[in-house]
Amino acid sequence: MTLEVQIFHALQKYDRLLFNGLDEWINSFPWLQENYHYCHMYHFPESKRTPFPFLLSILSLAACFLLFFLSKLLSPLLFKAYRNLKDDADREKWDVKFVSALHAAFVFQGAVRSLIEGGGIFFNPNNPSDYTLLGMQPYACGYYSELGKFYETITFGYMFYDFWVCIRAYGFTLEGVFPSLVIHHFNIMISFLLGIKLNIAFFYTLSFMTNEISQPFLHLSWFLIKSKVPVKHPVSIVNGLLLVTTFIGSRFFVNLFIFYHFVKNTFTFDPRNCVGMGALTAAIHVACNWHWSWLMVKQITEMFGKKKPQQKSEENKEKKE
């Protein structure tokens with residue numbers, strides 16, 4: 001039993017003690033009662049129904065804020081680049097990116113380990129642990145593990161912190177990247193809430209969580225710029241290549257493969273059904289990440305399309321002559 005699963009088990013008794021009334025009230029919703037039979041009742045008979053991990057979600061949220069304020073406290077002592085930042089907004093971005101990079105690295109390795117434990121990185125319909133599942137059930141209910149549930153809960157708590165960060169950074173606006181971020185955040189919250197509550201679609205949610213592989217490189221590129229590391233420095237070049245490769249590779253091509261697999265094997269997009277709701281959230285997740293991939297490609301093409309000042313002046317000379 002891994003340390004994460006031990007923590008998960010240890011917190012369950014406190015969830016029952018502190019949040020039993022709230023959990024029972026949520027369980028009374030007709031929509032949830034109608035959809036328990038898909039996977040939750042398969043993994044746990046009524047007598048063993050597990051509580052929702054409220055406490056782990058709250059601890060995840062609190063840990064994000066703690067790391068944010070620790071960065072504010074320690075970064076000026078540890079990093080000269082932080083001390084040289086003159087803009088308060090840049091200092092806050094540093095703290096935000098520090099937390100985001102740590103979360104991304106933590107949940108990426110957790111998602112990969114959970115997929116391997118569940119049956120393999122690529123979907124294994126003949127997983128011995130799920131031999132009694134029939135029809136759509138291997139796709140909806142397979143790959144369940146408490147390790148995967150732990151990491152989904154960590155990300156569920158993180159999304160509330162990150163939503164607060166987005167509002168502070170952009171405000172409520174319909175311009176720029178903010179609308180897609182809001183859609184993405186609410187979509188992840190709904191998707192993971194369903195997965196954690198109904199023990200459903202772990203292969204797909206864990207596979208989408210591997211998109212986080214690109215985040216550390218994305219944030220490191222910003223740290224390097226603020227630390228005045230030259231663009232042509234080997235570290236900047238390698239990080240840039242890893243960023244483009246992991247971002248486009250995971251958020252476009254991997255998501256395309258996973259979504260194709262999902263659509264091919266699902267039987268409904270009806271939101272009145274938990275499988276249909278999951279299919280809709282998967283579609284929204286893929287759409288948001290494709291949009292960001294397109295923005296990155298657009299930014300790269302614009303960067304290479306810019307003419308150097310010397311080249312521009314020579315062209316102007318030629319025109320005058």
# chains A, B, ... in the order shown; residues from 1 in each chain; ligands from 1
call {"tool": "closest_atom_pairs", "arguments": {"of": "region 53-114 of chain A", "to": "region 163-181 of chain A", "cutoff": "10 Å", "atoms": "only C-alpha atoms", "output": "tab-separated table"}}
result
residue	atom	partner	partner_atom	distance
A:Ala89	CA	A:Ala169	CA	8.4
A:Glu92	CA	A:Ala169	CA	9.1
A:Lys93	CA	A:Ala169	CA	8.4
A:Val96	CA	A:Val165	CA	7.4
call {"tool": "write_last_selection", "arguments": {"atoms": "C-alpha atoms", "output": "mmCIF file, in the first residue's frame"}}
result
data_model
loop_
_atom_site.group_PDB
_atom_site.id
_atom_site.type_symbol
_atom_site.label_atom_id
_atom_site.label_comp_id
_atom_site.auth_asym_id
_atom_site.auth_seq_id
_atom_site.Cartn_x
_atom_site.Cartn_y
_atom_site.Cartn_z
ATOM 1 C CA ALA A 89 2.460 41.772 -10.354
ATOM 2 C CA GLU A 92 2.919 37.424 -7.638
ATOM 3 C CA LYS A 93 3.258 35.662 -11.000
ATOM 4 C CA VAL A 96 1.721 31.496 -8.714
#
call {"tool": "residues_around", "arguments": {"residues": "Gly240 (chain A)", "least_positions_apart": "3", "cutoff": "12 Å", "atoms": "only C-alpha atoms", "output": "PyMOL selection string"}}
result
chain A and resi 214-222+224-225+231-237+243-247+296+300
call {"tool": "closest_residue", "arguments": {"among": "A:Val112, A:Ala105, A:Ile7, A:Ala201", "to": "Leu59 (chain A)", "atoms": "only C-alpha atoms"}}
result
A:Ile7
call {"tool": "residues_around", "arguments": {"residues": "Asp95 (chain A)", "least_positions_apart": "3", "cutoff": "9 Å", "atoms": "only C-alpha atoms", "output": "mmCIF file with all heavy atoms, in the first residue's frame"}}
result
data_model
loop_
_atom_site.group_PDB
_atom_site.id
_atom_site.type_symbol
_atom_site.label_atom_id
_atom_site.label_comp_id
_atom_site.auth_asym_id
_atom_site.auth_seq_id
_atom_site.Cartn_x
_atom_site.Cartn_y
_atom_site.Cartn_z
ATOM 1 N N LEU A 67 1.920 27.067 0.027
ATOM 2 C CA LEU A 67 3.073 27.141 -0.871
ATOM 3 C C LEU A 67 3.185 28.521 -1.507
ATOM 4 O O LEU A 67 4.283 29.042 -1.705
ATOM 5 C CB LEU A 67 2.965 26.066 -1.959
ATOM 6 C CG LEU A 67 3.194 24.630 -1.496
ATOM 7 C CD1 LEU A 67 2.818 23.651 -2.599
ATOM 8 C CD2 LEU A 67 4.660 24.421 -1.086
ATOM 9 N N PHE A 68 2.030 29.094 -1.831
ATOM 10 C CA PHE A 68 1.996 30.438 -2.424
ATOM 11 C C PHE A 68 2.637 31.455 -1.468
ATOM 12 O O PHE A 68 3.497 32.245 -1.869
ATOM 13 C CB PHE A 68 0.546 30.820 -2.729
ATOM 14 C CG PHE A 68 0.369 32.210 -3.261
ATOM 15 C CD1 PHE A 68 0.560 32.490 -4.612
ATOM 16 C CD2 PHE A 68 -0.008 33.247 -2.420
ATOM 17 C CE1 PHE A 68 0.394 33.780 -5.105
ATOM 18 C CE2 PHE A 68 -0.178 34.539 -2.902
ATOM 19 C CZ PHE A 68 0.023 34.802 -4.250
ATOM 20 N N PHE A 69 2.248 31.407 -0.201
ATOM 21 C CA PHE A 69 2.780 32.362 0.776
ATOM 22 C C PHE A 69 4.214 32.018 1.192
ATOM 23 O O PHE A 69 4.993 32.925 1.516
ATOM 24 C CB PHE A 69 1.855 32.451 1.987
ATOM 25 C CG PHE A 69 0.553 33.122 1.680
ATOM 26 C CD1 PHE A 69 -0.647 32.411 1.698
ATOM 27 C CD2 PHE A 69 0.515 34.468 1.335
ATOM 28 C CE1 PHE A 69 -1.849 33.038 1.379
ATOM 29 C CE2 PHE A 69 -0.681 35.109 1.026
ATOM 30 C CZ PHE A 69 -1.867 34.390 1.047
ATOM 31 N N LEU A 70 4.579 30.740 1.157
ATOM 32 C CA LEU A 70 5.969 30.368 1.414
ATOM 33 C C LEU A 70 6.884 30.906 0.317
ATOM 34 O O LEU A 70 8.009 31.349 0.582
ATOM 35 C CB LEU A 70 6.107 28.841 1.492
ATOM 36 C CG LEU A 70 5.735 28.187 2.821
ATOM 37 C CD1 LEU A 70 5.832 26.675 2.710
ATOM 38 C CD2 LEU A 70 6.628 28.700 3.953
ATOM 39 N N SER A 71 6.389 30.874 -0.919
ATOM 40 C CA SER A 71 7.162 31.440 -2.029
ATOM 41 C C SER A 71 7.363 32.938 -1.824
ATOM 42 O O SER A 71 8.462 33.462 -2.055
ATOM 43 C CB SER A 71 6.463 31.174 -3.366
ATOM 44 O OG SER A 71 7.158 31.771 -4.426
ATOM 45 N N LYS A 72 6.307 33.617 -1.388
ATOM 46 C CA LYS A 72 6.415 35.062 -1.104
ATOM 47 C C LYS A 72 7.463 35.340 -0.024
ATOM 48 O O LYS A 72 8.190 36.344 -0.085
ATOM 49 C CB LYS A 72 5.054 35.602 -0.632
ATOM 50 C CG LYS A 72 4.129 36.059 -1.746
ATOM 51 C CD LYS A 72 2.949 36.791 -1.156
ATOM 52 C CE LYS A 72 1.996 37.249 -2.240
ATOM 53 N NZ LYS A 72 2.644 38.099 -3.247
ATOM 54 N N SER A 75 11.285 33.218 -1.467
ATOM 55 C CA SER A 75 11.896 33.533 -2.769
ATOM 56 C C SER A 75 12.814 34.755 -2.721
ATOM 57 O O SER A 75 13.885 34.739 -3.350
ATOM 58 C CB SER A 75 10.809 33.721 -3.835
ATOM 59 O OG SER A 75 10.168 32.502 -4.105
ATOM 60 N N ASP A 90 4.630 40.968 -11.151
ATOM 61 C CA ASP A 90 5.595 39.939 -11.542
ATOM 62 C C ASP A 90 5.982 39.058 -10.363
ATOM 63 O O ASP A 90 6.181 37.848 -10.521
ATOM 64 C CB ASP A 90 6.847 40.586 -12.139
ATOM 65 C CG ASP A 90 6.672 40.959 -13.601
ATOM 66 O OD1 ASP A 90 5.722 40.458 -14.228
ATOM 67 O OD2 ASP A 90 7.482 41.756 -14.110
ATOM 68 N N ARG A 91 6.092 39.667 -9.181
ATOM 69 C CA ARG A 91 6.413 38.861 -7.989
ATOM 70 C C ARG A 91 5.273 37.870 -7.710
ATOM 71 O O ARG A 91 5.523 36.718 -7.348
ATOM 72 C CB ARG A 91 6.624 39.773 -6.783
ATOM 73 C CG ARG A 91 7.891 40.613 -6.865
ATOM 74 C CD ARG A 91 8.239 41.236 -5.529
ATOM 75 N NE ARG A 91 9.297 42.238 -5.672
ATOM 76 C CZ ARG A 91 9.090 43.539 -5.840
ATOM 77 N NH1 ARG A 91 7.848 44.006 -5.829
ATOM 78 N NH2 ARG A 91 10.103 44.374 -5.979
ATOM 79 N N GLU A 92 4.051 38.331 -7.865
ATOM 80 C CA GLU A 92 2.919 37.424 -7.638
ATOM 81 C C GLU A 92 2.876 36.330 -8.695
ATOM 82 O O GLU A 92 2.569 35.172 -8.391
ATOM 83 C CB GLU A 92 1.592 38.206 -7.641
ATOM 84 C CG GLU A 92 0.402 37.301 -7.405
ATOM 85 C CD GLU A 92 -0.750 38.007 -6.712
ATOM 86 O OE1 GLU A 92 -0.490 38.801 -5.783
ATOM 87 O OE2 GLU A 92 -1.891 37.762 -7.106
ATOM 88 N N PHE A 98 5.281 29.097 -9.305
ATOM 89 C CA PHE A 98 5.966 28.156 -8.417
ATOM 90 C C PHE A 98 4.997 27.069 -7.942
ATOM 91 O O PHE A 98 5.289 25.869 -8.026
ATOM 92 C CB PHE A 98 6.555 28.914 -7.220
ATOM 93 C CG PHE A 98 7.090 28.039 -6.128
ATOM 94 C CD1 PHE A 98 8.294 27.365 -6.291
ATOM 95 C CD2 PHE A 98 6.401 27.896 -4.929
ATOM 96 C CE1 PHE A 98 8.796 26.551 -5.284
ATOM 97 C CE2 PHE A 98 6.890 27.085 -3.913
ATOM 98 C CZ PHE A 98 8.096 26.411 -4.098
ATOM 99 N N VAL A 99 3.817 27.480 -7.488
ATOM 100 C CA VAL A 99 2.811 26.520 -7.006
ATOM 101 C C VAL A 99 2.311 25.652 -8.160
ATOM 102 O O VAL A 99 2.186 24.428 -8.037
ATOM 103 C CB VAL A 99 1.626 27.253 -6.345
ATOM 104 C CG1 VAL A 99 0.552 26.260 -5.909
ATOM 105 C CG2 VAL A 99 2.091 28.073 -5.153
ATOM 106 N N SER A 100 2.035 26.282 -9.289
ATOM 107 C CA SER A 100 1.511 25.557 -10.446
ATOM 108 C C SER A 100 2.493 24.501 -10.943
ATOM 109 O O SER A 100 2.106 23.372 -11.272
ATOM 110 C CB SER A 100 1.181 26.534 -11.578
ATOM 111 O OG SER A 100 0.694 25.855 -12.709
#
call {"tool": "closest_atom_pairs", "arguments": {"of": "region 84-173 of chain A", "to": "region 253-257 of chain A", "cutoff": "12 Å", "atoms": "only C-alpha atoms", "output": "CSV"}}
result
residue,atom,partner,partner_atom,distance
A:Ile121,CA,A:Val254,CA,11.5
A:Phe122,CA,A:Phe257,CA,10.3
A:Phe123,CA,A:Phe257,CA,11.2
call {"tool": "atom_distance", "arguments": {"atom1": "CA of Tyr143 (chain A)", "atom2": "CA of Tyr204 (chain A)"}}
result
9.3 Å
call {"tool": "closest_residue", "arguments": {"among": "A:Trp94, A:Phe52, A:Phe65, A:Tyr36", "to": "Glu152 (chain A)", "atoms": "only C-alpha atoms"}}
result
A:Phe52
call {"tool": "select_by_dssp", "arguments": {"residues": "region 86-320 of chain A", "states": "alpha helix (DSSP H)", "output": "JSON, numbers by chain"}}
result
{"A": [88, 89, 90, 91, 92, 93, 94, 95, 96, 97, 98, 99, 100, 101, 102, 103, 104, 105, 106, 107, 108, 109, 110, 111, 112, 113, 114, 115, 116, 117, 118, 137, 138, 139, 140, 141, 146, 147, 148, 149, 150, 151, 152, 153, 154, 155, 156, 157, 158, 159, 160, 161, 162, 163, 164, 165, 166, 167, 168, 169, 170, 178, 179, 180, 181, 182, 183, 184, 185, 186, 187, 188, 189, 190, 191, 192, 193, 194, 195, 196, 197, 198, 202, 203, 204, 205, 206, 207, 208, 209, 215, 216, 217, 218, 219, 220, 221, 222, 223, 224, 225, 226, 234, 235, 236, 237, 238, 239, 240, 241, 242, 243, 244, 245, 246, 247, 248, 255, 256, 257, 258, 259, 260, 261, 262, 263, 264, 265, 274, 275, 276, 277, 278, 279, 280, 281, 282, 283, 284, 285, 286, 287, 288, 289, 290, 291, 292, 293, 294, 295, 296, 297, 298, 299, 300, 301, 302, 303, 304, 305, 309, 310, 311, 312, 313, 314, 315, 316, 317, 318, 319, 320]}
call {"tool": "closest_residue", "arguments": {"among": "A:Lys197, A:Lys298, A:Lys80, A:His9", "to": "Glu146 (chain A)", "atoms": "only C-alpha atoms"}}
result
A:His9
call {"tool": "closest_residue", "arguments": {"among": "A:Leu73, A:Ala283, A:Leu32, A:Leu194", "to": "Phe156 (chain A)", "atoms": "only C-alpha atoms"}}
result
A:Leu194
call {"tool": "atom_distance", "arguments": {"atom1": "CA of Leu17 (chain A)", "atom2": "CA of Phe54 (chain A)"}}
result
11.1 Å
call {"tool": "atom_distance", "arguments": {"atom1": "CA of Trp294 (chain A)", "atom2": "CA of Asp87 (chain A)"}}
result
29.7 Å
call {"tool": "residues_around", "arguments": {"residues": "Asn273 (chain A)", "least_positions_apart": "3", "cutoff": "10 Å", "atoms": "only C-alpha atoms", "output": "mmCIF file with all heavy atoms, in the first residue's frame"}}
result
data_model
loop_
_atom_site.group_PDB
_atom_site.id
_atom_site.type_symbol
_atom_site.label_atom_id
_atom_site.label_comp_id
_atom_site.auth_asym_id
_atom_site.auth_seq_id
_atom_site.Cartn_x
_atom_site.Cartn_y
_atom_site.Cartn_z
ATOM 1 N N TRP A 31 -30.415 12.547 -9.298
ATOM 2 C CA TRP A 31 -29.501 12.275 -10.424
ATOM 3 C C TRP A 31 -28.361 11.368 -9.982
ATOM 4 O O TRP A 31 -27.975 10.440 -10.691
ATOM 5 C CB TRP A 31 -28.936 13.599 -10.965
ATOM 6 C CG TRP A 31 -28.152 13.459 -12.239
ATOM 7 C CD1 TRP A 31 -28.616 13.522 -13.512
ATOM 8 C CD2 TRP A 31 -26.731 13.218 -12.351
ATOM 9 N NE1 TRP A 31 -27.597 13.343 -14.419
ATOM 10 C CE2 TRP A 31 -26.418 13.155 -13.740
ATOM 11 C CE3 TRP A 31 -25.693 13.061 -11.439
ATOM 12 C CZ2 TRP A 31 -25.136 12.933 -14.215
ATOM 13 C CZ3 TRP A 31 -24.401 12.825 -11.911
ATOM 14 C CH2 TRP A 31 -24.144 12.774 -13.289
ATOM 15 N N LEU A 32 -27.814 11.616 -8.779
ATOM 16 C CA LEU A 32 -26.726 10.778 -8.270
ATOM 17 C C LEU A 32 -27.219 9.365 -7.979
ATOM 18 O O LEU A 32 -26.550 8.381 -8.303
ATOM 19 C CB LEU A 32 -26.135 11.389 -7.005
ATOM 20 C CG LEU A 32 -25.128 12.526 -7.195
ATOM 21 C CD1 LEU A 32 -24.744 13.120 -5.852
ATOM 22 C CD2 LEU A 32 -23.876 12.037 -7.920
ATOM 23 N N GLU A 34 -29.597 7.781 -9.372
ATOM 24 C CA GLU A 34 -29.851 7.075 -10.635
ATOM 25 C C GLU A 34 -28.567 6.601 -11.294
ATOM 26 O O GLU A 34 -28.579 5.640 -12.071
ATOM 27 C CB GLU A 34 -30.604 7.995 -11.609
ATOM 28 C CG GLU A 34 -32.037 8.279 -11.207
ATOM 29 C CD GLU A 34 -32.646 9.426 -12.005
ATOM 30 O OE1 GLU A 34 -31.985 9.873 -12.973
ATOM 31 O OE2 GLU A 34 -33.756 9.856 -11.660
ATOM 32 N N ASN A 35 -27.433 7.281 -10.993
ATOM 33 C CA ASN A 35 -26.186 6.969 -11.699
ATOM 34 C C ASN A 35 -25.192 6.177 -10.862
ATOM 35 O O ASN A 35 -24.117 5.834 -11.373
ATOM 36 C CB ASN A 35 -25.532 8.258 -12.182
ATOM 37 C CG ASN A 35 -26.231 8.844 -13.389
ATOM 38 O OD1 ASN A 35 -26.041 8.388 -14.512
ATOM 39 N ND2 ASN A 35 -27.070 9.852 -13.179
ATOM 40 N N TYR A 38 -23.749 2.580 -12.208
ATOM 41 C CA TYR A 38 -22.774 2.378 -13.278
ATOM 42 C C TYR A 38 -21.468 1.795 -12.747
ATOM 43 O O TYR A 38 -20.970 0.806 -13.251
ATOM 44 C CB TYR A 38 -22.491 3.693 -14.011
ATOM 45 C CG TYR A 38 -23.525 4.004 -15.054
ATOM 46 C CD1 TYR A 38 -24.540 4.896 -14.791
ATOM 47 C CD2 TYR A 38 -23.496 3.373 -16.295
ATOM 48 C CE1 TYR A 38 -25.513 5.170 -15.735
ATOM 49 C CE2 TYR A 38 -24.468 3.648 -17.247
ATOM 50 C CZ TYR A 38 -25.472 4.544 -16.964
ATOM 51 O OH TYR A 38 -26.431 4.807 -17.888
ATOM 52 N N THR A 268 -23.367 7.496 -25.285
ATOM 53 C CA THR A 268 -24.282 8.628 -25.116
ATOM 54 C C THR A 268 -23.525 9.911 -24.792
ATOM 55 O O THR A 268 -22.449 9.859 -24.199
ATOM 56 C CB THR A 268 -25.290 8.348 -23.985
ATOM 57 O OG1 THR A 268 -26.170 9.467 -23.837
ATOM 58 C CG2 THR A 268 -24.589 8.100 -22.661
ATOM 59 N N PHE A 269 -24.117 11.029 -25.214
ATOM 60 C CA PHE A 269 -23.654 12.361 -24.805
ATOM 61 C C PHE A 269 -24.782 13.068 -24.039
ATOM 62 O O PHE A 269 -24.749 14.279 -23.886
ATOM 63 C CB PHE A 269 -23.253 13.194 -26.031
ATOM 64 C CG PHE A 269 -21.880 12.895 -26.543
ATOM 65 C CD1 PHE A 269 -21.663 11.828 -27.408
ATOM 66 C CD2 PHE A 269 -20.786 13.649 -26.152
ATOM 67 C CE1 PHE A 269 -20.392 11.541 -27.890
ATOM 68 C CE2 PHE A 269 -19.507 13.373 -26.619
ATOM 69 C CZ PHE A 269 -19.322 12.315 -27.489
ATOM 70 N N ASP A 270 -25.730 12.298 -23.565
ATOM 71 C CA ASP A 270 -26.875 12.846 -22.840
ATOM 72 C C ASP A 270 -26.433 13.242 -21.425
ATOM 73 O O ASP A 270 -26.014 12.383 -20.645
ATOM 74 C CB ASP A 270 -27.984 11.789 -22.773
ATOM 75 C CG ASP A 270 -29.277 12.337 -22.172
ATOM 76 O OD1 ASP A 270 -29.238 13.427 -21.554
ATOM 77 O OD2 ASP A 270 -30.318 11.679 -22.316
ATOM 78 N N GLY A 276 -22.781 10.199 -20.275
ATOM 79 C CA GLY A 276 -22.959 11.294 -21.221
ATOM 80 C C GLY A 276 -22.361 12.593 -20.712
ATOM 81 O O GLY A 276 -21.731 13.343 -21.468
ATOM 82 N N MET A 277 -22.532 12.870 -19.425
ATOM 83 C CA MET A 277 -21.940 14.064 -18.827
ATOM 84 C C MET A 277 -20.416 13.996 -18.903
ATOM 85 O O MET A 277 -19.742 14.988 -19.218
ATOM 86 C CB MET A 277 -22.388 14.200 -17.372
ATOM 87 C CG MET A 277 -21.815 15.424 -16.669
ATOM 88 S SD MET A 277 -22.428 16.986 -17.330
ATOM 89 C CE MET A 277 -24.011 17.087 -16.484
ATOM 90 N N GLY A 278 -19.871 12.810 -18.635
ATOM 91 C CA GLY A 278 -18.426 12.631 -18.745
ATOM 92 C C GLY A 278 -17.935 12.846 -20.165
ATOM 93 O O GLY A 278 -16.875 13.435 -20.381
ATOM 94 N N ALA A 279 -18.703 12.385 -21.148
ATOM 95 C CA ALA A 279 -18.325 12.571 -22.549
ATOM 96 C C ALA A 279 -18.309 14.052 -22.919
ATOM 97 O O ALA A 279 -17.430 14.518 -23.643
ATOM 98 C CB ALA A 279 -19.294 11.805 -23.452
#
